[in-house]
Amino acid sequence: MRQVELRKLREGEWFKRKPESAHWYIREHYNRADPFGPATFWCSTERSASDGREFKPNVLVWID
């Protein structure tokens with residue numbers, strides 16, 4: 001596995017937060033910065049598209 005910034009992944013690519021993690025995330029759409037918060041990527045889990053988190057674009061993630 002190798003570590004990259006989340007912004008380098010294409011939409012639909014799979015990644016892990018930590019190499020030993022059991023959960024996989026899928027990079028989804030980009031949310032531009034606005035008065036309510038910073039710019040983020042929505043990343044859903046492998047279990048459900050509605051279950052996920054927002055991550056900053058510069059967060060380091062692990063891919064195969």
# chains A, B, ... in the order shown; residues from 1 in each chain; ligands from 1

$ residues_around --residues "A:Asp51" --least-positions-apart "5" --cutoff "12 Å" --atoms "only C-alpha atoms" --output "ChimeraX atom specification"
/A:23-26,28,42-46

$ select_by_dssp --residues "chain A" --states "strand (DSSP E or B)" --output "PyMOL selection string"
chain A and resi 2-5+14-16+25-31+34+37+40-45+52-55+60-63

$ residues_around --residues "A:Pro38" --least-positions-apart "4" --cutoff "10 Å" --atoms "only C-alpha atoms" --output "NGL selection string"
:A and (31-34 or 55-57)

$ decode --residues "stretch 3-53 of chain A" --atoms "N, CA and C atoms" --output "PDB file, in the first residue's frame"
ATOM      1  N   GLN A   3       0.824   5.758   0.322  1.00  0.00           N
ATOM      2  CA  GLN A   3       0.102   6.897   0.865  1.00  0.00           C
ATOM      3  C   GLN A   3       0.071   8.043  -0.148  1.00  0.00           C
ATOM      4  N   VAL A   4      -1.118   8.633  -0.339  1.00  0.00           N
ATOM      5  CA  VAL A   4      -1.287   9.773  -1.245  1.00  0.00           C
ATOM      6  C   VAL A   4      -2.269  10.754  -0.627  1.00  0.00           C
ATOM      7  N   GLU A   5      -2.291  11.982  -1.161  1.00  0.00           N
ATOM      8  CA  GLU A   5      -3.294  12.949  -0.734  1.00  0.00           C
ATOM      9  C   GLU A   5      -4.632  12.592  -1.355  1.00  0.00           C
ATOM     10  N   LEU A   6      -5.703  12.855  -0.648  1.00  0.00           N
ATOM     11  CA  LEU A   6      -7.040  12.536  -1.124  1.00  0.00           C
ATOM     12  C   LEU A   6      -7.354  13.262  -2.434  1.00  0.00           C
ATOM     13  N   ARG A   7      -6.863  14.481  -2.607  1.00  0.00           N
ATOM     14  CA  ARG A   7      -7.144  15.248  -3.826  1.00  0.00           C
ATOM     15  C   ARG A   7      -6.569  14.593  -5.087  1.00  0.00           C
ATOM     16  N   LYS A   8      -5.582  13.712  -4.931  1.00  0.00           N
ATOM     17  CA  LYS A   8      -4.956  13.033  -6.076  1.00  0.00           C
ATOM     18  C   LYS A   8      -5.804  11.877  -6.614  1.00  0.00           C
ATOM     19  N   LEU A   9      -6.754  11.393  -5.818  1.00  0.00           N
ATOM     20  CA  LEU A   9      -7.610  10.287  -6.253  1.00  0.00           C
ATOM     21  C   LEU A   9      -8.718  10.790  -7.161  1.00  0.00           C
ATOM     22  N   ARG A  10      -9.164   9.931  -8.058  1.00  0.00           N
ATOM     23  CA  ARG A  10     -10.294  10.263  -8.919  1.00  0.00           C
ATOM     24  C   ARG A  10     -11.590   9.862  -8.230  1.00  0.00           C
ATOM     25  N   GLU A  11     -12.676  10.452  -8.661  1.00  0.00           N
ATOM     26  CA  GLU A  11     -13.977  10.108  -8.104  1.00  0.00           C
ATOM     27  C   GLU A  11     -14.258   8.628  -8.348  1.00  0.00           C
ATOM     28  N   GLY A  12     -14.679   7.924  -7.298  1.00  0.00           N
ATOM     29  CA  GLY A  12     -14.975   6.503  -7.401  1.00  0.00           C
ATOM     30  C   GLY A  12     -13.843   5.589  -6.958  1.00  0.00           C
ATOM     31  N   GLU A  13     -12.648   6.129  -6.686  1.00  0.00           N
ATOM     32  CA  GLU A  13     -11.531   5.292  -6.246  1.00  0.00           C
ATOM     33  C   GLU A  13     -11.665   4.951  -4.759  1.00  0.00           C
ATOM     34  N   TRP A  14     -11.158   3.775  -4.392  1.00  0.00           N
ATOM     35  CA  TRP A  14     -11.244   3.259  -3.031  1.00  0.00           C
ATOM     36  C   TRP A  14      -9.973   3.586  -2.264  1.00  0.00           C
ATOM     37  N   PHE A  15     -10.117   3.818  -0.935  1.00  0.00           N
ATOM     38  CA  PHE A  15      -8.960   4.092  -0.083  1.00  0.00           C
ATOM     39  C   PHE A  15      -9.273   3.729   1.359  1.00  0.00           C
ATOM     40  N   LYS A  16      -8.210   3.671   2.172  1.00  0.00           N
ATOM     41  CA  LYS A  16      -8.323   3.458   3.611  1.00  0.00           C
ATOM     42  C   LYS A  16      -7.725   4.658   4.325  1.00  0.00           C
ATOM     43  N   ARG A  17      -8.208   4.952   5.523  1.00  0.00           N
ATOM     44  CA  ARG A  17      -7.627   6.023   6.329  1.00  0.00           C
ATOM     45  C   ARG A  17      -6.289   5.600   6.920  1.00  0.00           C
ATOM     46  N   LYS A  18      -6.191   4.336   7.367  1.00  0.00           N
ATOM     47  CA  LYS A  18      -4.969   3.778   7.941  1.00  0.00           C
ATOM     48  C   LYS A  18      -4.713   2.439   7.265  1.00  0.00           C
ATOM     49  N   PRO A  19      -3.477   2.025   7.120  1.00  0.00           N
ATOM     50  CA  PRO A  19      -3.207   0.758   6.414  1.00  0.00           C
ATOM     51  C   PRO A  19      -3.803  -0.458   7.114  1.00  0.00           C
ATOM     52  N   GLU A  20      -3.937  -0.428   8.436  1.00  0.00           N
ATOM     53  CA  GLU A  20      -4.480  -1.574   9.169  1.00  0.00           C
ATOM     54  C   GLU A  20      -5.995  -1.518   9.339  1.00  0.00           C
ATOM     55  N   SER A  21      -6.624  -0.490   8.811  1.00  0.00           N
ATOM     56  CA  SER A  21      -8.079  -0.324   8.951  1.00  0.00           C
ATOM     57  C   SER A  21      -8.846  -1.405   8.198  1.00  0.00           C
ATOM     58  N   ALA A  22      -9.993  -1.797   8.745  1.00  0.00           N
ATOM     59  CA  ALA A  22     -10.849  -2.792   8.100  1.00  0.00           C
ATOM     60  C   ALA A  22     -11.817  -2.136   7.117  1.00  0.00           C
ATOM     61  N   HIS A  23     -12.067  -0.831   7.262  1.00  0.00           N
ATOM     62  CA  HIS A  23     -13.051  -0.129   6.438  1.00  0.00           C
ATOM     63  C   HIS A  23     -12.426   0.521   5.208  1.00  0.00           C
ATOM     64  N   TRP A  24     -13.123   0.409   4.087  1.00  0.00           N
ATOM     65  CA  TRP A  24     -12.728   1.081   2.850  1.00  0.00           C
ATOM     66  C   TRP A  24     -13.683   2.239   2.607  1.00  0.00           C
ATOM     67  N   TYR A  25     -13.166   3.339   2.063  1.00  0.00           N
ATOM     68  CA  TYR A  25     -13.977   4.491   1.666  1.00  0.00           C
ATOM     69  C   TYR A  25     -13.910   4.654   0.155  1.00  0.00           C
ATOM     70  N   ILE A  26     -14.927   5.293  -0.395  1.00  0.00           N
ATOM     71  CA  ILE A  26     -14.980   5.593  -1.823  1.00  0.00           C
ATOM     72  C   ILE A  26     -15.033   7.110  -1.963  1.00  0.00           C
ATOM     73  N   ARG A  27     -14.085   7.696  -2.716  1.00  0.00           N
ATOM     74  CA  ARG A  27     -14.081   9.146  -2.904  1.00  0.00           C
ATOM     75  C   ARG A  27     -15.240   9.539  -3.804  1.00  0.00           C
ATOM     76  N   GLU A  28     -16.042  10.466  -3.305  1.00  0.00           N
ATOM     77  CA  GLU A  28     -17.230  10.919  -4.032  1.00  0.00           C
ATOM     78  C   GLU A  28     -17.045  12.370  -4.488  1.00  0.00           C
ATOM     79  N   HIS A  29     -18.081  13.163  -4.411  1.00  0.00           N
ATOM     80  CA  HIS A  29     -18.074  14.526  -4.957  1.00  0.00           C
ATOM     81  C   HIS A  29     -17.300  15.516  -4.080  1.00  0.00           C
ATOM     82  N   TYR A  30     -16.974  16.647  -4.690  1.00  0.00           N
ATOM     83  CA  TYR A  30     -16.230  17.735  -4.057  1.00  0.00           C
ATOM     84  C   TYR A  30     -17.203  18.803  -3.594  1.00  0.00           C
ATOM     85  N   ASN A  31     -17.028  19.289  -2.374  1.00  0.00           N
ATOM     86  CA  ASN A  31     -17.837  20.390  -1.839  1.00  0.00           C
ATOM     87  C   ASN A  31     -16.960  21.635  -1.757  1.00  0.00           C
ATOM     88  N   ARG A  32     -17.313  22.654  -2.527  1.00  0.00           N
ATOM     89  CA  ARG A  32     -16.529  23.888  -2.503  1.00  0.00           C
ATOM     90  C   ARG A  32     -16.657  24.593  -1.156  1.00  0.00           C
ATOM     91  N   ALA A  33     -15.664  25.401  -0.830  1.00  0.00           N
ATOM     92  CA  ALA A  33     -15.708  26.189   0.402  1.00  0.00           C
ATOM     93  C   ALA A  33     -16.816  27.221   0.289  1.00  0.00           C
ATOM     94  N   ASP A  34     -17.485  27.467   1.404  1.00  0.00           N
ATOM     95  CA  ASP A  34     -18.534  28.479   1.464  1.00  0.00           C
ATOM     96  C   ASP A  34     -18.537  29.079   2.874  1.00  0.00           C
ATOM     97  N   PRO A  35     -19.431  30.025   3.156  1.00  0.00           N
ATOM     98  CA  PRO A  35     -19.440  30.628   4.498  1.00  0.00           C
ATOM     99  C   PRO A  35     -19.710  29.635   5.628  1.00  0.00           C
ATOM    100  N   PHE A  36     -20.235  28.463   5.318  1.00  0.00           N
ATOM    101  CA  PHE A  36     -20.584  27.491   6.344  1.00  0.00           C
ATOM    102  C   PHE A  36     -19.473  26.498   6.642  1.00  0.00           C
ATOM    103  N   GLY A  37     -18.430  26.441   5.811  1.00  0.00           N
ATOM    104  CA  GLY A  37     -17.352  25.498   6.083  1.00  0.00           C
ATOM    105  C   GLY A  37     -16.297  25.465   4.993  1.00  0.00           C
ATOM    106  N   PRO A  38     -15.212  24.722   5.253  1.00  0.00           N
ATOM    107  CA  PRO A  38     -14.104  24.633   4.292  1.00  0.00           C
ATOM    108  C   PRO A  38     -14.422  23.676   3.144  1.00  0.00           C
ATOM    109  N   ALA A  39     -13.563  23.644   2.149  1.00  0.00           N
ATOM    110  CA  ALA A  39     -13.704  22.715   1.022  1.00  0.00           C
ATOM    111  C   ALA A  39     -13.440  21.298   1.512  1.00  0.00           C
ATOM    112  N   THR A  40     -14.268  20.345   1.054  1.00  0.00           N
ATOM    113  CA  THR A  40     -14.140  18.952   1.480  1.00  0.00           C
ATOM    114  C   THR A  40     -14.515  18.017   0.342  1.00  0.00           C
ATOM    115  N   PHE A  41     -14.164  16.746   0.522  1.00  0.00           N
ATOM    116  CA  PHE A  41     -14.644  15.674  -0.352  1.00  0.00           C
ATOM    117  C   PHE A  41     -15.599  14.818   0.472  1.00  0.00           C
ATOM    118  N   TRP A  42     -16.737  14.444  -0.110  1.00  0.00           N
ATOM    119  CA  TRP A  42     -17.613  13.482   0.542  1.00  0.00           C
ATOM    120  C   TRP A  42     -17.102  12.093   0.177  1.00  0.00           C
ATOM    121  N   CYS A  43     -16.893  11.254   1.181  1.00  0.00           N
ATOM    122  CA  CYS A  43     -16.396   9.898   0.976  1.00  0.00           C
ATOM    123  C   CYS A  43     -17.339   8.930   1.667  1.00  0.00           C
ATOM    124  N   SER A  44     -17.951   8.045   0.883  1.00  0.00           N
ATOM    125  CA  SER A  44     -18.880   7.076   1.447  1.00  0.00           C
ATOM    126  C   SER A  44     -18.137   5.797   1.804  1.00  0.00           C
ATOM    127  N   THR A  45     -18.725   5.008   2.688  1.00  0.00           N
ATOM    128  CA  THR A  45     -18.130   3.730   3.065  1.00  0.00           C
ATOM    129  C   THR A  45     -18.523   2.672   2.046  1.00  0.00           C
ATOM    130  N   GLU A  46     -17.867   1.514   2.128  1.00  0.00           N
ATOM    131  CA  GLU A  46     -18.186   0.438   1.197  1.00  0.00           C
ATOM    132  C   GLU A  46     -19.540  -0.176   1.483  1.00  0.00           C
ATOM    133  N   ARG A  47     -20.099   0.079   2.661  1.00  0.00           N
ATOM    134  CA  ARG A  47     -21.372  -0.519   3.054  1.00  0.00           C
ATOM    135  C   ARG A  47     -22.581   0.235   2.527  1.00  0.00           C
ATOM    136  N   SER A  48     -22.489   1.566   2.457  1.00  0.00           N
ATOM    137  CA  SER A  48     -23.656   2.350   2.080  1.00  0.00           C
ATOM    138  C   SER A  48     -23.221   3.702   1.511  1.00  0.00           C
ATOM    139  N   ALA A  49     -23.901   4.159   0.469  1.00  0.00           N
ATOM    140  CA  ALA A  49     -23.573   5.461  -0.130  1.00  0.00           C
ATOM    141  C   ALA A  49     -23.962   6.618   0.794  1.00  0.00           C
ATOM    142  N   SER A  50     -24.960   6.427   1.640  1.00  0.00           N
ATOM    143  CA  SER A  50     -25.394   7.506   2.533  1.00  0.00           C
ATOM    144  C   SER A  50     -24.592   7.525   3.839  1.00  0.00           C
ATOM    145  N   ASP A  51     -23.793   6.497   4.082  1.00  0.00           N
ATOM    146  CA  ASP A  51     -22.959   6.422   5.274  1.00  0.00           C
ATOM    147  C   ASP A  51     -21.541   6.823   4.881  1.00  0.00           C
ATOM    148  N   GLY A  52     -21.043   7.913   5.438  1.00  0.00           N
ATOM    149  CA  GLY A  52     -19.708   8.358   5.074  1.00  0.00           C
ATOM    150  C   GLY A  52     -19.267   9.553   5.883  1.00  0.00           C
ATOM    151  N   ARG A  53     -18.210  10.188   5.405  1.00  0.00           N
ATOM    152  CA  ARG A  53     -17.621  11.344   6.096  1.00  0.00           C
ATOM    153  C   ARG A  53     -17.136  12.364   5.080  1.00  0.00           C
TER     154      ARG A  53
END
